[in-house]
file work36.tsv (TSV, C-alpha atoms)
chain	number	residue	atom	x	y	z
W	1	MET	CA	44.83	141.89	145.08
W	2	SER	CA	46.91	138.77	144.76
W	3	ALA	CA	49.79	139.23	142.37
W	4	GLN	CA	52.00	136.53	140.92
W	5	PRO	CA	55.58	137.23	139.75
W	6	VAL	CA	56.34	136.91	136.07
W	7	HIS	CA	59.95	136.10	135.30
W	8	TYR	CA	61.50	137.06	131.99
W	9	GLU	CA	64.94	136.80	130.39
W	10	SER	CA	66.67	139.46	128.39
W	11	PRO	CA	69.20	137.95	125.92
W	12	SER	CA	69.44	141.37	124.32
W	13	PRO	CA	68.00	144.82	125.10
W	14	ASP	CA	65.41	144.39	122.33
W	15	ALA	CA	64.29	140.79	122.80
W	16	TYR	CA	62.29	139.29	125.66
W	17	ARG	CA	60.69	135.87	125.80
W	18	PRO	CA	56.98	135.44	126.76
W	19	TYR	CA	56.20	136.47	130.32
W	20	GLY	CA	56.53	133.44	132.55
W	21	PRO	CA	55.63	129.75	132.85
W	22	GLU	CA	52.73	128.01	131.14
W	23	PRO	CA	49.57	128.63	133.20
W	24	GLU	CA	48.37	125.67	135.26
W	25	VAL	CA	44.70	126.59	134.79
W	26	GLU	CA	42.82	127.13	131.60
W	27	GLN	CA	43.56	130.65	130.45
W	28	PRO	CA	43.34	130.62	126.64
W	29	GLU	CA	43.73	134.37	126.47
W	30	LEU	CA	47.27	133.99	127.82
W	31	ARG	CA	48.22	130.98	125.67
W	32	THR	CA	47.35	132.78	122.47
W	33	LEU	CA	49.38	135.91	123.18
W	34	PRO	CA	52.22	136.41	120.66
W	35	ARG	CA	55.83	136.84	121.71
W	36	LEU	CA	56.19	140.02	123.75
W	37	GLN	CA	59.07	142.36	123.08
W	38	GLY	CA	60.41	145.56	124.55
W	39	SER	CA	61.31	146.95	127.95
W	40	PRO	CA	59.60	145.61	131.11
W	41	ARG	CA	57.18	148.54	131.06
W	42	GLU	CA	56.36	147.98	127.37
W	43	ILE	CA	55.75	144.29	128.06
W	44	ALA	CA	53.48	145.22	130.98
W	45	GLU	CA	51.47	147.54	128.73
W	46	GLN	CA	51.14	144.83	126.08
W	47	ILE	CA	49.84	142.33	128.64
W	48	GLU	CA	47.27	144.80	129.98
W	49	ASN	CA	46.14	145.71	126.46
W	50	ARG	CA	45.66	142.06	125.47
W	51	SER	CA	44.16	140.64	128.66
W	52	ASP	CA	42.11	141.61	131.71
W	53	LEU	CA	45.15	141.46	133.99
W	54	ARG	CA	46.63	144.32	135.99
W	55	VAL	CA	50.42	144.42	135.77
W	56	GLU	CA	52.92	146.06	138.11
W	57	ILE	CA	56.72	146.04	138.08
W	58	ILE	CA	58.10	145.46	141.58
W	59	ARG	CA	61.89	145.53	141.84
W	60	GLY	CA	62.23	144.66	138.17
W	61	THR	CA	59.79	141.72	138.26
W	62	LEU	CA	56.49	141.82	136.40
W	63	MET	CA	53.59	141.04	138.76
W	64	MET	CA	50.18	140.13	137.33
W	65	SER	CA	46.90	140.34	139.24
W	66	PRO	CA	43.73	138.63	137.96
W	67	THR	CA	40.35	140.28	137.77
W	68	PRO	CA	39.29	140.85	141.40
W	69	ARG	CA	36.24	139.18	142.93
W	70	ARG	CA	33.07	141.18	143.52
W	71	ARG	CA	33.72	141.53	147.26
W	72	HIS	CA	36.97	143.27	146.38
W	73	ALA	CA	35.12	145.83	144.28
W	74	GLN	CA	32.62	146.31	147.11
W	75	THR	CA	35.45	146.81	149.60
W	76	VAL	CA	37.07	149.49	147.46
W	77	ASP	CA	33.73	151.26	146.99
W	78	ASP	CA	33.03	151.14	150.75
W	79	LEU	CA	36.49	152.56	151.46
W	80	ARG	CA	35.89	155.45	149.09
W	81	GLU	CA	32.74	156.34	151.00
W	82	LEU	CA	34.50	156.03	154.36
W	83	LEU	CA	37.20	158.41	153.14
W	84	ARG	CA	34.75	161.13	152.11
W	85	PRO	CA	35.55	163.30	155.18
W	86	CYS	CA	39.05	163.93	153.82
W	87	ARG	CA	37.51	165.98	151.00
W	88	ALA	CA	37.25	168.85	153.46
W	89	ASP	CA	41.05	169.06	153.25
W	90	GLY	CA	41.13	169.03	149.44
W	91	LEU	CA	41.84	165.30	149.21
W	92	ARG	CA	40.08	162.57	147.26
W	93	ALA	CA	40.37	158.82	146.75
W	94	TYR	CA	41.35	157.44	143.31
W	95	GLU	CA	41.82	154.09	141.59
W	96	ASN	CA	44.18	153.14	138.74
W	97	VAL	CA	46.94	155.57	139.72
W	98	SER	CA	50.46	154.14	139.85
W	99	ILE	CA	53.34	155.04	142.18
W	100	PRO	CA	56.99	154.67	141.06
W	101	LEU	CA	60.13	154.21	143.07
W	102	PRO	CA	62.10	157.47	143.34
W	103	ASP	CA	64.21	157.98	140.20
W	104	ASP	CA	62.92	154.73	138.63
W	105	PRO	CA	59.66	155.15	136.68
W	106	ASP	CA	59.98	151.58	135.36
W	107	ASP	CA	59.47	150.18	138.87
W	108	TYR	CA	55.91	150.96	139.95
W	109	SER	CA	52.91	149.73	141.91
W	110	THR	CA	49.21	150.41	141.47
W	111	PRO	CA	47.40	150.32	144.83
W	112	ASP	CA	43.74	149.42	144.97
W	113	LEU	CA	43.02	152.94	146.19
W	114	LEU	CA	45.05	156.02	147.01
W	115	VAL	CA	44.30	159.40	148.48
W	116	CYS	CA	46.01	162.55	147.22
W	117	PRO	CA	45.27	166.27	146.74
W	118	VAL	CA	42.75	166.91	144.00
W	119	ASP	CA	45.07	169.28	142.16
W	120	MET	CA	47.63	166.49	141.78
W	121	MET	CA	45.30	164.81	139.29
W	122	ASP	CA	45.38	167.74	136.86
W	123	SER	CA	48.04	166.05	134.73
W	124	ASP	CA	48.38	163.66	131.78
W	125	ASP	CA	51.13	161.75	133.59
W	126	TRP	CA	50.14	158.25	134.77
W	127	LEU	CA	52.62	158.13	137.67
W	128	LEU	CA	52.29	159.95	140.97
W	129	SER	CA	55.25	160.34	143.33
W	130	GLY	CA	54.88	158.51	146.62
W	131	GLU	CA	55.63	161.74	148.47
W	132	ASP	CA	52.55	163.31	146.84
W	133	VAL	CA	50.30	160.48	148.07
W	134	GLU	CA	48.60	160.88	151.44
W	135	LEU	CA	47.44	157.26	151.76
W	136	ALA	CA	47.75	154.05	149.74
W	137	ILE	CA	45.44	151.08	150.34
W	138	GLU	CA	45.95	147.44	149.35
W	139	VAL	CA	43.19	144.83	149.68
W	140	THR	CA	44.65	141.33	149.78
W	141	SER	CA	43.08	138.14	148.45
W	142	PRO	CA	43.00	134.76	150.27
W	143	SER	CA	45.81	133.49	148.01
W	144	GLU	CA	48.18	136.36	148.83
W	145	ARG	CA	51.42	135.04	150.28
W	146	PRO	CA	52.82	136.63	153.47
W	147	VAL	CA	56.28	136.92	151.92
W	148	GLY	CA	54.86	138.79	148.94
W	149	VAL	CA	52.93	141.12	151.22
W	150	ALA	CA	56.03	141.88	153.29
W	151	ASP	CA	58.03	142.66	150.14
W	152	LYS	CA	55.29	144.97	148.90
W	153	ILE	CA	55.13	146.84	152.22
W	154	ALA	CA	58.90	147.37	152.12
W	155	TRP	CA	58.54	148.60	148.53
W	156	TYR	CA	55.95	151.21	149.56
W	157	ALA	CA	58.27	152.45	152.30
W	158	GLU	CA	61.06	152.80	149.74
W	159	ALA	CA	58.64	154.69	147.49
W	160	ARG	CA	58.09	157.09	150.42
W	161	VAL	CA	54.33	156.62	150.66
W	162	PRO	CA	53.67	158.28	154.06
W	163	VAL	CA	50.72	156.11	155.16
W	164	LEU	CA	49.89	152.60	153.93
W	165	LEU	CA	46.80	150.58	154.87
W	166	TYR	CA	46.67	146.84	154.23
W	167	LEU	CA	43.33	145.04	154.53
W	168	TYR	CA	43.01	141.28	154.94
W	169	PRO	CA	39.32	140.48	154.27
W	170	ALA	CA	39.83	136.71	154.60
W	171	ALA	CA	41.16	137.14	158.14
W	172	ALA	CA	39.05	140.24	158.92
W	173	LYS	CA	42.18	142.16	159.96
W	174	TRP	CA	43.98	145.37	159.00
W	175	ALA	CA	47.45	146.87	159.38
W	176	LEU	CA	48.38	150.54	159.16
W	177	TYR	CA	51.95	151.67	158.41
W	178	SER	CA	53.45	155.15	158.66
W	179	ARG	CA	56.78	157.01	158.87
W	180	PRO	CA	58.61	155.37	155.94
W	181	THR	CA	62.38	154.92	156.16
W	182	ASP	CA	65.04	153.10	154.14
W	183	GLU	CA	64.58	150.15	156.51
W	184	GLY	CA	60.79	150.07	156.24
W	185	TYR	CA	57.94	151.75	158.10
W	186	GLY	CA	58.73	153.09	161.56
W	187	THR	CA	55.19	152.86	162.98
W	188	ILE	CA	52.78	149.94	162.66
W	189	SER	CA	49.24	149.61	164.04
W	190	GLN	CA	47.19	146.43	163.70
W	191	GLY	CA	43.62	145.50	164.46
W	192	LYS	CA	40.58	143.42	163.58
W	193	TYR	CA	37.49	144.33	161.60
W	194	GLY	CA	35.24	146.07	164.06
W	195	GLU	CA	38.13	148.10	165.45
W	196	PRO	CA	38.65	151.53	163.84
W	197	VAL	CA	41.76	152.29	161.78
W	198	PRO	CA	43.52	155.29	163.40
W	199	LEU	CA	44.02	157.40	160.29
W	200	PRO	CA	45.53	160.88	160.65
W	201	ASP	CA	43.00	163.67	161.25
W	202	HIS	CA	43.37	165.12	157.74
W	203	LEU	CA	42.33	161.72	156.37
W	204	GLY	CA	39.19	161.68	158.46
W	205	GLY	CA	40.50	160.26	161.72
W	206	ASP	CA	39.32	156.90	163.02
W	207	MET	CA	37.85	154.88	160.14
W	208	PRO	CA	35.25	152.22	161.04
W	209	THR	CA	35.76	148.70	159.68
W	210	LYS	CA	32.94	146.59	161.12
W	211	ASP	CA	30.88	146.68	157.90
W	212	LEU	CA	33.69	146.01	155.42
W	213	PRO	CA	33.14	142.85	153.31
W	214	ARG	CA	34.90	139.67	154.40
W	215	TYR	CA	36.12	136.90	152.12
W	216	GLU	CA	35.03	133.33	152.63
W	217	ARG	CA	37.97	131.00	153.03
call {"tool": "encode", "arguments": {"input": "work36.tsv", "output": "structure tokens"}}
result
Amino acid sequence: MSAQPVHYESPSPDAYRPYGPEPEVEQPELRTLPRLQGSPREIAEQIENRSDLRVEIIRGTLMMSPTPRRRHAQTVDDLRELLRPCRADGLRAYENVSIPLPDDPDDYSTPDLLVCPVDMMDSDDWLLSGEDVELAIEVTSPSERPVGVADKIAWYAEARVPVLLYLYPAAAKWALYSRPTDEGYGTISQGKYGEPVPLPDHLGGDMPTKDLPRYER
């Protein structure tokens, strides 16, 4: 989903100003929010509790994503069905699970979908180490900026997510990344909708894409 950075200032450890510039579009639910205080993670939780936005913290910057369009929800549901074969290896696809940077739980991302061992979900913790994730999937929106996407991909490599799939429904393209290093992902495969994504065998192998929803420009 498209995410916009939210800049904040910290004059003292216990005081933060409201999260970013005045919205350009009518969003009364944001204008009426009271002053937000606390750590970046506490501010993120307050925003999520008082709005329908999803908030991540990427390299110390709060990133807000609006409610996704219906095609996005359909894409995620289709992906979950396509990933069913991986259940034979004790894996399952989940939403609303966040991944932190190593040693920094206040810097985290929430992919649209991730695949991990079922037994990893037997916990009350809301964060899952990137090394425990088998696959993370991001579905971009037409407004997603290439620079933002590149930064996010580098972030996932730093978080040590072994396999990352980016879908671009507006362009009907996909990109698959693997072998994370400190400099980014070592292996990249790209293709168009209609061409299968070469997932590892334990994730079901080649995943078809010809029927995935496409966004209208």
call {"tool": "residues_around", "arguments": {"input": "work36.tsv", "residues": "segment 114-125 of chain W", "least_positions_apart": "3", "cutoff": "8 Å", "atoms": "all atoms listed in the file", "output": "ChimeraX atom specification"}}
result
/W:90-95,97,111,128,132-137
call {"tool": "atom_distance", "arguments": {"input": "work36.tsv", "atom1": "atom CA of Pro180 of chain W", "atom2": "atom CA of Ala157 of chain W"}}
result
4.7 Å
call {"tool": "closest_residue", "arguments": {"input": "work36.tsv", "among": "W:Leu212, W:Leu82, W:Leu101, W:Ala175", "to": "Leu127 of chain W", "atoms": "only C-alpha atoms"}}
result
W:Leu101
call {"tool": "closest_residue", "arguments": {"input": "work36.tsv", "among": "W:Pro213, W:Gly205, W:Pro196, W:Gly148", "to": "Tyr168 of chain W", "atoms": "all atoms listed in the file"}}
result
W:Pro213
call {"tool": "atom_distance", "arguments": {"input": "work36.tsv", "atom1": "atom CA of Thr110 of chain W", "atom2": "atom CA of Asn96 of chain W"}}
result
6.3 Å
call {"tool": "residues_around", "arguments": {"input": "work36.tsv", "residues": "Pro162 of chain W", "least_positions_apart": "2", "cutoff": "6 Å", "atoms": "only C-alpha atoms", "output": "list in words"}}
result
Arg160, Ser178 and Arg179 of chain W
call {"tool": "residues_around", "arguments": {"input": "work36.tsv", "residues": "Leu167 of chain W", "least_positions_apart": "5", "cutoff": "7 Å", "atoms": "all atoms listed in the file", "output": "list in words"}}
result
Glu138, Val139, Thr140, Lys173, Trp174 and Ala175 of chain W
call {"tool": "closest_residue", "arguments": {"input": "work36.tsv", "among": "W:Glu158, W:Asp107, W:Glu216, W:Glu195", "to": "Ala170 of chain W", "atoms": "all atoms listed in the file"}}
result
W:Glu216
call {"tool": "residues_near_point", "arguments": {"input": "work36.tsv", "point": "(33.9, 147.1, 163.2)", "cutoff": "7 Å", "atoms": "all atoms listed in the file", "output": "MDAnalysis selection string"}}
result
chainID W and resid 193:196 208:211
call {"tool": "decode", "arguments": {"input": "work36.tsv", "residues": "segment 52-147 of chain W", "atoms": "C-alpha atoms", "output": "PDB file, in the first residue's frame"}}
result
ATOM      1  CA  ASP W  52      -8.460   3.896   9.967  1.00  0.00           C
ATOM      2  CA  LEU W  53      -4.806   4.349   9.009  1.00  0.00           C
ATOM      3  CA  ARG W  54      -2.075   1.738   9.191  1.00  0.00           C
ATOM      4  CA  VAL W  55       1.150   3.112  10.642  1.00  0.00           C
ATOM      5  CA  GLU W  56       4.693   1.809  10.304  1.00  0.00           C
ATOM      6  CA  ILE W  57       7.992   3.238  11.542  1.00  0.00           C
ATOM      7  CA  ILE W  58      10.666   3.022   8.851  1.00  0.00           C
ATOM      8  CA  ARG W  59      14.100   4.267   9.894  1.00  0.00           C
ATOM      9  CA  GLY W  60      12.578   6.422  12.609  1.00  0.00           C
ATOM     10  CA  THR W  61       9.931   8.027  10.367  1.00  0.00           C
ATOM     11  CA  LEU W  62       6.232   7.371  10.863  1.00  0.00           C
ATOM     12  CA  MET W  63       4.625   6.154   7.628  1.00  0.00           C
ATOM     13  CA  MET W  64       0.832   6.186   7.262  1.00  0.00           C
ATOM     14  CA  SER W  65      -1.122   4.132   4.742  1.00  0.00           C
ATOM     15  CA  PRO W  66      -4.786   4.886   3.954  1.00  0.00           C
ATOM     16  CA  THR W  67      -7.509   2.288   3.798  1.00  0.00           C
ATOM     17  CA  PRO W  68      -6.685   0.138   0.736  1.00  0.00           C
ATOM     18  CA  ARG W  69      -8.967  -0.082  -2.284  1.00  0.00           C
ATOM     19  CA  ARG W  70     -11.084  -3.175  -2.858  1.00  0.00           C
ATOM     20  CA  ARG W  71      -8.758  -4.541  -5.553  1.00  0.00           C
ATOM     21  CA  HIS W  72      -5.992  -4.541  -2.966  1.00  0.00           C
ATOM     22  CA  ALA W  73      -8.069  -6.694  -0.636  1.00  0.00           C
ATOM     23  CA  GLN W  74      -8.885  -9.016  -3.537  1.00  0.00           C
ATOM     24  CA  THR W  75      -5.194  -9.275  -4.438  1.00  0.00           C
ATOM     25  CA  VAL W  76      -4.240 -10.241  -0.888  1.00  0.00           C
ATOM     26  CA  ASP W  77      -7.031 -12.831  -0.758  1.00  0.00           C
ATOM     27  CA  ASP W  78      -5.959 -14.295  -4.127  1.00  0.00           C
ATOM     28  CA  LEU W  79      -2.351 -14.496  -2.920  1.00  0.00           C
ATOM     29  CA  ARG W  80      -3.400 -16.374   0.191  1.00  0.00           C
ATOM     30  CA  GLU W  81      -5.119 -18.971  -1.985  1.00  0.00           C
ATOM     31  CA  LEU W  82      -2.126 -19.224  -4.316  1.00  0.00           C
ATOM     32  CA  LEU W  83       0.133 -19.860  -1.320  1.00  0.00           C
ATOM     33  CA  ARG W  84      -1.954 -22.747   0.007  1.00  0.00           C
ATOM     34  CA  PRO W  85       0.546 -25.390  -1.234  1.00  0.00           C
ATOM     35  CA  CYS W  86       3.101 -24.174   1.315  1.00  0.00           C
ATOM     36  CA  ARG W  87       0.871 -25.523   4.097  1.00  0.00           C
ATOM     37  CA  ALA W  88       2.300 -28.954   3.344  1.00  0.00           C
ATOM     38  CA  ASP W  89       5.555 -27.665   4.837  1.00  0.00           C
ATOM     39  CA  GLY W  90       3.898 -26.282   7.977  1.00  0.00           C
ATOM     40  CA  LEU W  91       3.703 -22.726   6.647  1.00  0.00           C
ATOM     41  CA  ARG W  92       0.773 -20.339   6.394  1.00  0.00           C
ATOM     42  CA  ALA W  93       0.081 -16.820   5.143  1.00  0.00           C
ATOM     43  CA  TYR W  94      -0.879 -14.072   7.634  1.00  0.00           C
ATOM     44  CA  GLU W  95      -1.878 -10.408   7.626  1.00  0.00           C
ATOM     45  CA  ASN W  96      -1.294  -7.731  10.279  1.00  0.00           C
ATOM     46  CA  VAL W  97       2.014  -9.157  11.514  1.00  0.00           C
ATOM     47  CA  SER W  98       4.873  -6.664  11.875  1.00  0.00           C
ATOM     48  CA  ILE W  99       8.601  -7.196  11.317  1.00  0.00           C
ATOM     49  CA  PRO W 100      11.211  -5.142  13.237  1.00  0.00           C
ATOM     50  CA  LEU W 101      14.770  -4.287  12.394  1.00  0.00           C
ATOM     51  CA  PRO W 102      17.222  -6.468  14.340  1.00  0.00           C
ATOM     52  CA  ASP W 103      17.745  -5.035  17.839  1.00  0.00           C
ATOM     53  CA  ASP W 104      15.296  -2.161  17.189  1.00  0.00           C
ATOM     54  CA  PRO W 105      11.649  -3.043  17.925  1.00  0.00           C
ATOM     55  CA  ASP W 106      10.656   0.609  17.437  1.00  0.00           C
ATOM     56  CA  ASP W 107      11.528   0.402  13.730  1.00  0.00           C
ATOM     57  CA  TYR W 108       9.065  -1.952  12.056  1.00  0.00           C
ATOM     58  CA  SER W 109       7.103  -2.682   8.909  1.00  0.00           C
ATOM     59  CA  THR W 110       3.813  -4.480   8.388  1.00  0.00           C
ATOM     60  CA  PRO W 111       3.733  -6.230   5.001  1.00  0.00           C
ATOM     61  CA  ASP W 112       0.436  -6.863   3.275  1.00  0.00           C
ATOM     62  CA  LEU W 113       1.021 -10.581   3.697  1.00  0.00           C
ATOM     63  CA  LEU W 114       3.748 -12.773   5.131  1.00  0.00           C
ATOM     64  CA  VAL W 115       4.405 -16.478   5.272  1.00  0.00           C
ATOM     65  CA  CYS W 116       5.917 -18.124   8.331  1.00  0.00           C
ATOM     66  CA  PRO W 117       5.768 -21.438  10.240  1.00  0.00           C
ATOM     67  CA  VAL W 118       2.446 -21.957  11.971  1.00  0.00           C
ATOM     68  CA  ASP W 119       4.084 -22.507  15.351  1.00  0.00           C
ATOM     69  CA  MET W 120       5.618 -19.031  15.180  1.00  0.00           C
ATOM     70  CA  MET W 121       2.139 -17.570  15.681  1.00  0.00           C
ATOM     71  CA  ASP W 122       1.671 -19.222  19.079  1.00  0.00           C
ATOM     72  CA  SER W 123       2.703 -16.040  20.892  1.00  0.00           C
ATOM     73  CA  ASP W 124       1.221 -12.826  22.299  1.00  0.00           C
ATOM     74  CA  ASP W 125       4.070 -10.794  20.813  1.00  0.00           C
ATOM     75  CA  TRP W 126       3.082  -8.562  17.875  1.00  0.00           C
ATOM     76  CA  LEU W 127       6.529  -8.553  16.246  1.00  0.00           C
ATOM     77  CA  LEU W 128       8.079 -11.398  14.277  1.00  0.00           C
ATOM     78  CA  SER W 129      11.800 -11.461  13.484  1.00  0.00           C
ATOM     79  CA  GLY W 130      12.613 -11.168   9.800  1.00  0.00           C
ATOM     80  CA  GLU W 131      14.713 -14.321  10.040  1.00  0.00           C
ATOM     81  CA  ASP W 132      11.590 -16.237  11.118  1.00  0.00           C
ATOM     82  CA  VAL W 133       9.654 -15.056   8.055  1.00  0.00           C
ATOM     83  CA  GLU W 134       9.769 -17.196   4.923  1.00  0.00           C
ATOM     84  CA  LEU W 135       8.218 -14.618   2.583  1.00  0.00           C
ATOM     85  CA  ALA W 136       6.958 -11.030   2.831  1.00  0.00           C
ATOM     86  CA  ILE W 137       4.656  -9.533   0.195  1.00  0.00           C
ATOM     87  CA  GLU W 138       3.966  -5.868  -0.538  1.00  0.00           C
ATOM     88  CA  VAL W 139       1.213  -4.744  -2.931  1.00  0.00           C
ATOM     89  CA  THR W 140       1.867  -1.223  -4.181  1.00  0.00           C
ATOM     90  CA  SER W 141      -0.706   1.410  -5.094  1.00  0.00           C
ATOM     91  CA  PRO W 142      -0.595   3.659  -8.210  1.00  0.00           C
ATOM     92  CA  SER W 143       0.587   6.575  -6.038  1.00  0.00           C
ATOM     93  CA  GLU W 144       3.570   4.694  -4.592  1.00  0.00           C
ATOM     94  CA  ARG W 145       6.801   6.523  -5.355  1.00  0.00           C
ATOM     95  CA  PRO W 146       9.764   4.553  -6.779  1.00  0.00           C
ATOM     96  CA  VAL W 147      12.140   6.117  -4.250  1.00  0.00           C
TER      97      VAL W 147
END
